[in-house]
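K.L.:
You'll find start_12.txt just under this line, and it carries compact mmCIF, C-alpha atoms.
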# COMPACT_ATOMS: atom_id res chain seq x y z
CA MET M 1 68.06 94.52 116.06
CA PRO M 2 71.34 93.05 117.34
CA GLU M 3 72.66 93.56 120.84
CA ARG M 4 74.39 96.92 121.19
CA GLY M 5 77.23 96.88 118.66
CA ARG M 6 76.97 93.12 118.05
CA LEU M 7 77.05 91.89 114.46
CA GLU M 8 76.61 88.52 112.85
CA PRO M 9 79.32 87.51 110.33
CA GLY M 10 78.82 89.36 107.06
CA GLU M 11 76.09 91.61 108.46
CA ALA M 12 76.21 95.26 107.36
CA ARG M 13 78.20 97.35 109.83
CA SER M 14 75.47 99.98 109.83
CA THR M 15 73.11 97.42 111.37
CA GLY M 16 75.07 97.60 114.61
CA ALA M 17 75.25 101.39 114.70
CA ILE M 18 74.62 102.80 118.16
CA PRO M 19 71.64 105.20 118.07
CA GLU M 20 72.88 107.61 120.72
CA ARG M 21 75.92 109.81 121.25
CA ARG M 22 78.98 107.88 122.35
CA VAL M 23 79.99 108.51 125.97
CA PRO M 24 83.40 110.25 125.96
CA GLN M 25 86.13 108.70 128.08
CA PRO M 26 88.10 110.89 130.50
CA TRP M 27 91.26 112.51 129.21
CA PRO M 28 93.81 114.38 131.38
CA LYS M 29 93.22 118.12 131.12
CA ASP M 30 96.96 118.82 131.10
CA ARG M 31 97.75 116.48 128.18
CA ARG M 32 97.33 117.30 124.54
CA PHE M 33 95.97 114.57 122.26
CA ARG M 34 98.48 113.73 119.51
CA ILE M 35 97.45 112.02 116.29
CA LEU M 36 99.51 110.46 113.51
CA SER M 37 97.69 110.14 110.18
CA ILE M 38 99.24 108.32 107.20
CA ASP M 39 97.88 108.42 103.65
CA GLY M 40 97.56 105.63 101.14
CA GLY M 41 99.76 105.49 98.04
CA GLY M 42 101.06 101.99 97.33
CA ILE M 43 104.83 101.59 97.29
CA ARG M 44 105.11 105.37 97.61
CA GLY M 45 104.51 104.63 101.28
CA ILE M 46 108.31 104.61 101.34
CA PHE M 47 108.08 108.37 101.90
CA PRO M 48 106.12 108.34 105.18
CA ALA M 49 108.09 105.27 106.29
CA ALA M 50 111.35 107.17 105.72
CA VAL M 51 110.03 110.26 107.52
CA LEU M 52 109.02 108.18 110.53
CA ALA M 53 112.33 106.31 110.55
CA GLY M 54 114.27 109.57 110.37
CA LEU M 55 112.28 111.05 113.25
CA GLU M 56 112.80 107.93 115.32
CA ARG M 57 116.50 107.87 114.56
CA SER M 58 117.29 111.55 115.13
CA TYR M 59 114.67 112.97 117.49
CA ALA M 60 112.99 110.24 119.57
CA GLY M 61 115.88 109.64 121.95
CA GLY M 62 115.92 105.91 121.34
CA SER M 63 112.21 105.47 122.05
CA PRO M 64 109.84 103.88 119.52
CA LEU M 65 108.23 106.68 117.55
CA ALA M 66 104.79 105.16 118.10
CA SER M 67 105.10 105.76 121.84
CA PHE M 68 104.57 109.49 121.31
CA PHE M 69 101.11 109.30 119.69
CA ASP M 70 97.71 108.75 121.27
CA LEU M 71 95.98 107.62 118.08
CA VAL M 72 97.20 106.49 114.66
CA ALA M 73 95.05 106.36 111.54
CA GLY M 74 96.33 104.87 108.30
CA THR M 75 94.83 104.03 104.93
CA SER M 76 96.09 101.35 102.54
CA THR M 77 99.90 101.50 102.65
CA GLY M 78 99.48 103.95 105.54
CA GLY M 79 97.32 101.35 107.26
CA ILE M 80 100.09 98.79 106.89
CA LEU M 81 102.52 101.24 108.50
CA ALA M 82 100.08 102.04 111.31
CA ILE M 83 99.44 98.36 112.04
CA GLY M 84 103.17 97.64 111.95
CA LEU M 85 103.77 100.34 114.55
CA GLY M 86 100.95 98.95 116.66
CA ALA M 87 102.54 95.48 116.40
CA GLY M 88 105.75 96.84 117.92
CA LEU M 89 107.85 97.15 114.77
CA SER M 90 110.13 100.15 114.69
CA ALA M 91 109.83 102.75 111.97
CA GLU M 92 113.27 101.66 110.78
CA ASP M 93 112.04 98.05 110.49
CA LEU M 94 109.12 99.22 108.37
CA LEU M 95 111.30 101.34 106.12
CA ARG M 96 113.62 98.38 105.48
CA LEU M 97 110.60 96.24 104.69
CA TYR M 98 109.49 98.68 101.98
CA VAL M 99 112.94 99.40 100.56
CA GLU M 100 114.36 95.89 100.63
CA ARG M 101 111.28 93.76 100.01
CA GLY M 102 108.71 95.97 98.33
CA CYS M 103 109.89 94.43 95.06
CA GLU M 104 108.34 91.14 96.16
CA VAL M 105 104.89 92.75 96.11
CA PHE M 106 105.48 94.93 93.04
CA PRO M 107 108.13 93.13 90.94
CA PRO M 108 109.96 95.71 88.78
CA LEU M 109 110.36 95.19 85.05
CA PRO M 110 113.86 95.30 83.54
CA ASP M 111 115.15 98.75 82.60
CA SER M 112 115.67 97.77 78.96
CA LYS M 113 113.93 97.91 75.59
CA LEU M 114 112.24 94.59 76.37
CA GLY M 115 111.26 95.83 79.81
CA ARG M 116 109.69 98.98 78.37
CA LEU M 117 107.74 96.88 75.88
CA ARG M 118 106.49 94.68 78.67
CA ALA M 119 105.51 97.80 80.61
CA ARG M 120 103.35 98.99 77.73
CA ILE M 121 101.72 95.58 77.48
CA ARG M 122 101.13 95.63 81.23
CA ASP M 123 99.50 99.06 81.03
CA VAL M 124 97.08 97.84 78.35
CA ARG M 125 96.33 94.70 80.35
CA HIS M 126 95.66 96.87 83.40
CA TYR M 127 92.43 98.11 81.82
CA THR M 128 90.86 94.66 82.01
CA ARG M 129 92.76 92.65 84.65
CA TYR M 130 94.20 92.92 88.15
CA LEU M 131 97.95 93.36 87.92
CA TYR M 132 99.16 91.55 91.04
CA ASN M 133 98.55 88.46 93.09
CA ARG M 134 97.87 89.25 96.75
CA GLU M 135 99.85 86.24 98.00
CA ALA M 136 103.19 88.06 97.97
CA LEU M 137 101.81 90.84 100.17
CA LYS M 138 100.01 88.37 102.42
CA ASN M 139 103.15 86.28 102.90
CA LEU M 140 105.25 89.33 103.71
CA LEU M 141 102.71 90.63 106.23
CA THR M 142 102.32 87.22 107.82
CA GLU M 143 106.09 86.94 108.21
CA LYS M 144 106.22 90.27 110.07
CA LEU M 145 102.92 90.28 111.97
CA GLY M 146 102.35 86.58 112.55
CA ASP M 147 99.04 85.78 114.23
CA ARG M 148 98.89 88.98 116.28
CA LEU M 149 95.37 90.20 116.84
CA PHE M 150 94.22 93.72 116.07
CA GLY M 151 93.09 94.08 119.68
CA ASP M 152 96.65 93.37 120.86
CA SER M 153 97.95 96.57 119.28
CA SER M 154 100.03 98.78 121.56
CA LEU M 155 98.42 101.79 119.85
CA ARG M 156 94.89 103.04 119.33
CA LEU M 157 94.27 102.47 115.62
CA CYS M 158 91.66 103.47 113.04
CA ILE M 159 92.02 101.69 109.70
CA PRO M 160 89.50 102.38 106.89
CA SER M 161 88.35 99.98 104.21
CA PHE M 162 85.25 99.77 102.00
CA ASP M 163 82.69 96.97 102.05
CA GLY M 164 81.58 96.31 98.50
CA ARG M 165 78.97 93.77 99.53
CA HIS M 166 76.80 96.29 101.38
CA SER M 167 78.27 99.42 99.74
CA GLU M 168 79.33 100.90 103.07
CA VAL M 169 82.38 102.51 104.58
CA PHE M 170 84.18 100.12 106.91
CA VAL M 171 86.52 101.21 109.71
CA TYR M 172 88.51 98.81 111.86
CA LYS M 173 89.02 100.18 115.37
CA THR M 174 91.07 98.86 118.26
CA PRO M 175 89.21 98.47 121.60
CA HIS M 176 89.94 102.00 122.80
CA HIS M 177 86.32 102.58 123.76
CA ALA M 178 83.75 100.40 125.52
CA ASP M 179 81.63 100.38 122.35
CA TYR M 180 84.44 98.84 120.28
CA TRP M 181 84.85 95.12 120.60
CA THR M 182 83.91 93.66 117.21
CA ASP M 183 87.36 94.09 115.61
CA ARG M 184 89.62 93.12 118.50
CA HIS M 185 89.74 89.46 117.42
CA GLU M 186 90.63 90.20 113.79
CA ARG M 187 94.15 89.27 112.77
CA MET M 188 96.37 92.26 112.02
CA VAL M 189 97.28 90.65 108.70
CA ASP M 190 93.64 90.56 107.62
CA VAL M 191 93.02 94.19 108.57
CA ALA M 192 96.11 95.20 106.59
CA LEU M 193 94.95 93.23 103.54
CA ALA M 194 91.48 94.79 103.78
CA THR M 195 92.69 98.38 103.81
CA ALA M 196 95.28 97.76 101.07
CA ALA M 197 93.12 95.99 98.48
CA ALA M 198 93.84 98.68 95.88
CA PRO M 199 91.28 98.63 93.05
CA SER M 200 92.70 97.42 89.73
CA TYR M 201 95.95 96.32 91.42
CA PHE M 202 94.53 93.58 93.69
CA ARG M 203 91.29 91.66 93.86
CA PRO M 204 88.86 92.72 96.61
CA PHE M 205 89.61 90.90 99.84
CA GLU M 206 86.87 88.42 100.69
CA HIS M 207 86.88 88.10 104.46
CA GLY M 208 84.33 87.47 107.20
CA GLY M 209 81.41 87.65 104.80
CA TYR M 210 82.52 91.02 103.40
CA THR M 211 83.98 92.08 100.07
CA LEU M 212 86.63 94.55 101.18
CA VAL M 213 88.29 97.18 98.98
CA ASP M 214 91.08 99.66 99.69
CA GLY M 215 90.10 102.40 102.15
CA GLY M 216 91.59 104.94 99.76
CA VAL M 217 88.38 104.97 97.72
CA TRP M 218 86.84 107.20 100.39
CA ALA M 219 89.51 108.16 102.95
CA ASN M 220 92.92 108.08 101.29
CA ASN M 221 93.91 110.79 103.75
CA PRO M 222 92.33 109.62 107.03
CA ILE M 223 93.04 112.78 109.04
CA MET M 224 89.39 113.71 109.66
CA LEU M 225 88.56 110.11 110.51
CA ALA M 226 91.17 110.36 113.28
CA VAL M 227 90.15 113.82 114.48
CA ILE M 228 86.48 112.85 114.75
CA GLU M 229 87.50 109.66 116.55
CA ALA M 230 89.38 111.66 119.16
CA LEU M 231 86.48 114.07 119.68
CA ILE M 232 83.78 111.41 120.05
CA CYS M 233 85.75 108.91 122.14
CA PHE M 234 87.56 111.17 124.58
CA ASP M 235 86.86 114.22 126.67
CA VAL M 236 89.04 116.48 124.56
CA THR M 237 88.30 119.75 122.77
CA PRO M 238 89.54 120.73 119.31
CA ASN M 239 92.07 123.17 120.73
CA CYS M 240 93.81 120.28 122.58
CA ILE M 241 94.50 118.12 119.50
CA ASP M 242 97.67 118.10 117.37
CA VAL M 243 98.02 116.10 114.14
CA LEU M 244 101.03 115.01 112.12
CA THR M 245 99.73 113.98 108.70
CA LEU M 246 102.04 112.24 106.22
CA GLY M 247 101.31 111.96 102.51
CA CYS M 248 102.66 109.76 99.74
CA GLY M 249 102.41 112.41 97.01
CA GLU M 250 99.32 114.08 95.62
CA ASP M 251 99.38 114.06 91.83
CA SER M 252 97.78 117.19 90.40
CA TYR M 253 94.83 116.69 88.03
CA VAL M 254 94.22 119.45 85.52
CA VAL M 255 90.97 119.61 83.54
CA SER M 256 92.02 120.69 80.06
CA GLY M 257 92.43 119.47 76.47
CA ASN M 258 90.24 116.50 75.56
CA LEU M 259 88.61 116.55 79.00
CA VAL M 260 87.06 119.89 78.04
CA THR M 261 86.47 119.42 74.30
CA LYS M 262 85.47 115.75 74.04
CA GLY M 263 84.75 114.21 77.43
CA GLY M 264 83.56 110.64 77.68
CA LEU M 265 84.65 107.76 79.88
CA TRP M 266 87.99 107.28 78.12
CA HIS M 267 89.20 110.82 78.67
CA TRP M 268 87.92 110.88 82.25
CA ARG M 269 89.40 107.45 83.04
CA LYS M 270 91.83 108.86 85.60
CA ILE M 271 89.23 110.84 87.53
CA MET M 272 89.91 108.60 90.56
CA GLU M 273 93.28 110.34 90.88
CA ALA M 274 91.50 113.68 91.13
CA ALA M 275 89.05 112.31 93.68
CA MET M 276 91.88 111.04 95.90
CA ARG M 277 93.79 114.31 95.68
CA LEU M 278 90.76 116.46 96.40
CA GLN M 279 89.62 114.27 99.27
CA SER M 280 93.04 114.70 100.83
CA LEU M 281 93.10 118.46 100.35
CA ALA M 282 89.58 118.82 101.71
CA ALA M 283 90.24 116.63 104.74
CA THR M 284 93.46 118.47 105.63
CA ASN M 285 91.79 121.86 105.25
CA GLN M 286 88.80 120.76 107.33
CA ALA M 287 91.13 119.61 110.10
CA ARG M 288 92.96 122.95 110.02
CA LEU M 289 89.68 124.85 110.23
CA LEU M 290 88.53 122.73 113.16
CA LEU M 291 91.76 122.50 115.15
CA GLY M 292 93.55 125.65 114.03
CA PRO M 293 96.30 125.70 111.37
CA PRO M 294 99.25 125.52 113.84
CA SER M 295 97.95 122.21 115.19
CA VAL M 296 98.10 120.39 111.84
CA MET M 297 101.47 119.59 110.27
CA ARG M 298 101.25 118.15 106.76
CA ILE M 299 104.36 116.57 105.26
CA ASP M 300 104.22 115.53 101.60
CA PRO M 301 106.86 114.61 99.02
CA PRO M 302 107.41 116.99 96.09
CA ASP M 303 105.88 116.39 92.68
CA PHE M 304 107.97 114.22 90.38
CA GLU M 305 108.04 114.12 86.60
CA PRO M 306 107.15 111.64 85.37
CA LYS M 307 104.83 110.71 88.21
CA ILE M 308 105.82 107.78 90.39
CA ARG M 309 103.32 104.97 89.94
CA MET M 310 101.87 103.31 93.00
CA ASP M 311 103.66 100.09 91.98
CA ASP M 312 106.99 101.54 90.80
CA TRP M 313 109.25 100.17 93.52
CA ARG M 314 112.50 101.12 91.78
CA ARG M 315 111.69 104.83 91.33
CA ALA M 316 110.02 105.08 94.73
CA VAL M 317 113.19 103.87 96.45
CA ALA M 318 115.38 106.17 94.36
CA LYS M 319 113.24 109.29 94.81
CA MET M 320 111.21 109.00 97.99
CA VAL M 321 113.99 108.27 100.47
CA PRO M 322 116.04 111.38 99.52
CA ALA M 323 112.81 113.43 99.47
CA ALA M 324 112.06 112.32 103.03
CA GLU M 325 115.59 113.26 104.15
CA GLN M 326 115.17 116.72 102.64
CA SER M 327 111.79 117.13 104.30
CA LEU M 328 113.23 116.15 107.67
CA ALA M 329 116.08 118.64 107.28
CA ALA M 330 113.47 121.37 106.82
CA ASN M 331 110.80 120.20 109.27
CA GLY M 332 112.28 117.63 111.66
CA ALA M 333 113.01 119.99 114.55
CA LYS M 334 109.52 121.52 114.35
CA ILE M 335 107.88 118.10 114.29
CA ALA M 336 109.96 117.01 117.27
CA ASP M 337 109.05 120.14 119.22
CA LEU M 338 105.33 119.64 118.65
CA PHE M 339 105.04 115.85 118.94
CA LEU M 340 108.10 114.24 120.52
CA GLN M 341 108.60 116.07 123.80
CA GLN M 342 106.40 113.83 125.95
CA ARG M 343 105.63 110.12 125.73
CA ALA M 344 102.00 109.17 125.30
CA THR M 345 100.22 107.35 128.11
CA GLN M 346 100.25 103.57 127.70
CA PHE M 347 97.23 102.35 125.75
CA GLU M 348 95.23 99.76 127.66
CA PRO M 349 92.45 98.05 125.67
CA VAL M 350 89.02 98.42 127.21
CA PRO M 351 88.09 95.02 128.66
CA ILE M 352 85.09 93.10 127.35
CA ASP M 353 82.21 93.45 129.79
CA ARG M 354 79.59 91.49 127.91
With the file now loaded, output its structure as structure tokens.
P.N.:
Amino acid sequence: MPERGRLEPGEARSTGAIPERRVPQPWPKDRRFRILSIDGGGIRGIFPAAVLAGLERSYAGGSPLASFFDLVAGTSTGGILAIGLGAGLSAEDLLRLYVERGCEVFPPLPDSKLGRLRARIRDVRHYTRYLYNREALKNLLTEKLGDRLFGDSSLRLCIPSFDGRHSEVFVYKTPHHADYWTDRHERMVDVALATAAAPSYFRPFEHGGYTLVDGGVWANNPIMLAVIEALICFDVTPNCIDVLTLGCGEDSYVVSGNLVTKGGLWHWRKIMEAAMRLQSLAATNQARLLLGPPSVMRIDPPDFEPKIRMDDWRRAVAKMVPAAEQSLAANGAKIADLFLQQRATQFEPVPIDR
């Protein structure tokens, strides 16, 4: 058995699990614990990025939006946003990154007859091959994050991935508790690539002896991951926690037609979409039951027809930015009242004592 929490490279994370209840750290009784949770969704992450940028621009009084939250959880594209905030990038910086340079990661096809033909060919190819090379995303992240370490984040972060080598959930955590020290020396770029290794779009990310896949396969909406983290790490009660949870669009999945009459793998090929939607709905509802409905604000874009693909940069820019502006017009003041009235206490990483 390894030393408490210590793991050898490539060793299953469960091997280092601590067998007793984690000791909660003190938390001021007069301060509420505020959480920001950001879903996965590929380039549709433009929506939460635009919401955050709008809040920062219009309601944060010139302060970085991240300075108002005590913990941020993000999955996949939401993990990239969370890590960017922890690295000190403004929400406006992150929005520009998605809008202006998302096309480098997901190159759009021409809007022409030839482009539509190539799109159909691409869709067929998608059944047997990864669509994109990770290098474009890696280069973009490296340009923005450099060699910053995960433990240098100015925010407490929880970033889920999935380890396909040991078939286990995998959560990167900043050193906001004495039991967390394994991930502090990971590069932010590598954590971002691990959480955003979307199945069928990118190859799994081989890193540190692990085969890492997008955290969206089990926690596309990481709200409950964040809530549980707050409850086990800090001396807070459920009635002292508030959560702002931002989605990237939850495509409905209706069981009808050939799904009912024929079945089979072909007709159920998009069941992953249903799993992601239902996980998100369940997690949000669980958080509301635990914390109380007024303490959980969920902001999601409207449904679009046709649906916006996770790699459709052109339509995401055209549709998601205006959708975020409309959402802020309806909800911005309420969000500001609940989350942006008091700066969070400065996060200080727990020092290594071993």
K.L.:
What separation in Å, quoted to one decimal, exists between atom CA of Gly42 of chain M and atom CA of Ile241 of chain M?
P.N.:
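Distance reported for this atom pair: 28.2 Å.
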K.L.:
Of the candidates M:Phe150, M:Tyr210, M:Phe162, M:Tyr59, which one gets nearest to Ser76 of chain M if we count all atoms listed in the file?
P.N.:
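Answer, going by the shortest atom-to-atom distance: M:Phe162.
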K.L.:
Write out as number ranges by chain which residues come within 6 Å of Gly215 of chain M when counting all atoms listed in the file, dropping same-chain ones fewer than 3 positions away.
P.N.:
M: 75, 160-162, 195, 219
K.L.:
Give the answer as one residue: which of M:Val189, M:Ile80, M:Ala344, M:Ile223 has the shortest atom-to-atom distance to His207 of chain M, using only C-alpha atoms?
P.N.:
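Checking each of M:Val189, M:Ile80, M:Ala344, M:Ile223 against His207 of chain M, counting only C-alpha atoms, the winner is M:Val189.
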K.L.:
How far is it from atom CA of Trp313 of chain M to atom CA of Phe47 of chain M, in Å with one decimal?
P.N.:
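According to the coordinates, atom CA of Trp313 of chain M and atom CA of Phe47 of chain M are separated by 11.8 Å.
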K.L.:
Rank nothing, just name the residue among M:Val243, M:Leu289, M:Met320, M:Ala87 nearest to Phe68 of chain M, using only C-alpha atoms.
P.N.:
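Going through M:Val243, M:Leu289, M:Met320, M:Ala87 one by one, the smallest distance to Phe68 of chain M is for M:Val243.
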K.L.:
Which value, in Å to one decimal, gives the distance between atom CA of Pro9 of chain M and atom CA of Phe170 of chain M?
P.N.:
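Interatomic distance here is 13.9 Å.
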K.L.:
Please determine, counting all atoms listed in the file, which residue among M:Gly292, M:His177, M:Asp190, M:Glu348 has the shortest atom-to-atom distance to Ser153 of chain M.
P.N.:
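Ranking M:Gly292, M:His177, M:Asp190, M:Glu348 by distance to Ser153 of chain M, first place goes to M:Glu348.
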K.L.:
Counting all atoms listed in the file, find the residues whose atoms lie at most 12 Å from (116.3, 96.2, 115.9) (file coordinates) and write them out as a VMD selection string.
P.N.:
chain M and resid 57 62 to 64 88 to 94 96
